[in-house]
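Visitor: Got a structure for you, written out below as structure tokens; questions coming shortly.
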Amino acid sequence: MDTSQTIVRKSLHHELVDRLQTLILNSELKPGTKVPEKLLCDQFGVSRTPLREALKVMASYGLVRLEPNRGAWVTQVTEEEVEEVFPVLGALEALSGQLACARIIDAEIEEVRTLHAQMVQSYENRDLDAYFIVNQQIHRAILMAARNGTLTTSCEALSLRMQRARYLANMSESRWSDAVQEHEKILHHLAARDGAKLAETLLHHMDAKRASVIKWLRSQRDDSPSGLA
């Protein structure tokens with residue numbers, strides 16, 4: 001870890017939450033390991049009190065587990081969690097698509113179109129990190145176009161829990177190609193303001209992601225020496 005990242009922004013709490021989230025999603029803080037509080041305090045130039053407040057937020061996101069007298073531990077993604085969360089996330093994404101089609105304005109559609117072109121370029125360059133970033137921006141743009149605060153809060157919380165699983169799993173070449181084609185349909189239905197078809201496509205898209213993550217988790221379990229991931 002880079003130890004020259006002292007925080008100077010005014011909103012210390014939000015900055016700490018963002019930093020911890022990035023470390024966990026990028027697996028710099030690895031699943032199943034204890035969060036090194038002293039090291040992070042030194043790295044960020046903060047005391048333990050604000051760090052622990054930020055860790056409580058990470059716990060509410062399901063990214064860490066707080067244990068009395070044992071500190072915070074980075075949670076591991078499990079098949080049970082994926083099977084539980086993805087159907088709910090898919091339903092929320094489908095609803096966001098329906099609402100977005102009814103409320104989106106032309107400028108927002110063009111924004112999604114621009115992001116889609118960037119995502120396709122990342123795919124052609126085989127830049128998975130850039131692809132994931134733009135992919136998330138597209139889904140968020142559709143969510144914001146739905147203009148429903150309750151939906152936004154619920155969807156973002158679940159999406160964050162599963163975002164780490166998507167990064168960890170990566171994607172096979174065939175799944176990546178399929179995902180891009182699914183996004184072509186997403187853009188088409190959004191531009192046509194066809195809420196029913198967009199909802200159906202988003203449901204299928206999220207279920208394919210679920211299957212991809214489950215396949216990866218099982219491969220990790222099967223490849224481990226004890227047969228357990």
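Lettering and numbering for the structure tokens are positional, with chains as A, B, ... in the shown order, residues counted from 1 in each chain, and ligands counted from 1 in the shown order.
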As number ranges by chain, please: the residues near Leu25 in chain A (cut-off 8 Å, only C-alpha atoms, same-chain neighbours under 3 positions excluded).
Guide: A: 21-22, 28, 163-164, 167
Visitor: Could you give me, as a list in words, the residues within 7 Å of Ala199 in chain A, counting only C-alpha atoms and dropping anything in the same chain fewer than 5 positions from it?
Guide: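 Once the adjacent positions are removed, what remains is Ala94, Leu95, Gly97 and Gln98 of chain A.
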Visitor: Save out the residues we just selected, N, CA and C atoms, as a PDB file, in the first residue's frame.
Guide:
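The resulting selection-v5.pdb:
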```pdb
ATOM      1  N   ALA A  94     -34.283  -3.751 -13.202  1.00  0.00           N
ATOM      2  CA  ALA A  94     -35.392  -3.792 -14.166  1.00  0.00           C
ATOM      3  C   ALA A  94     -36.358  -2.638 -13.914  1.00  0.00           C
ATOM      4  N   LEU A  95     -36.654  -2.391 -12.645  1.00  0.00           N
ATOM      5  CA  LEU A  95     -37.543  -1.278 -12.299  1.00  0.00           C
ATOM      6  C   LEU A  95     -36.919   0.047 -12.692  1.00  0.00           C
ATOM      7  N   GLY A  97     -34.959   0.560 -15.125  1.00  0.00           N
ATOM      8  CA  GLY A  97     -35.079   0.679 -16.575  1.00  0.00           C
ATOM      9  C   GLY A  97     -36.468   1.129 -16.997  1.00  0.00           C
ATOM     10  N   GLN A  98     -37.483   0.557 -16.356  1.00  0.00           N
ATOM     11  CA  GLN A  98     -38.856   0.962 -16.676  1.00  0.00           C
ATOM     12  C   GLN A  98     -39.095   2.437 -16.368  1.00  0.00           C
TER      13      GLN A  98
END
```
Visitor: Smallest atom-to-atom distance to Glu83 in chain A: which of A:Asp18, A:Met162, A:His205, A:Ala102, using only C-alpha atoms?
Guide: A:Met162
Visitor: Can you tell me, as a PyMOL selection string, what residues are no more than 12 Å from Leu55 in chain A when counting only C-alpha atoms, ignoring any on the same chain fewer than 3 positions away?
Guide: chain A and resi 13-14+16-21+24+34-37+40+48-52+58-67+71-74
Visitor: Quick check, in Å to one decimal: how far apart do CA of Leu12 in chain A and CA of Val57 in chain A lie?
Guide: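 One can read the CA of Leu12 in chain A to CA of Val57 in chain A distance as 13.4 Å.
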Visitor: Counting only C-alpha atoms, what is within 12 Å of Ala165 in chain A, bar same-chain residues fewer than 4 positions away, as a ChimeraX atom specification?
Guide: /A:24-27,31,63,75-79,81-83,85-86,158-161,169-171,209-217
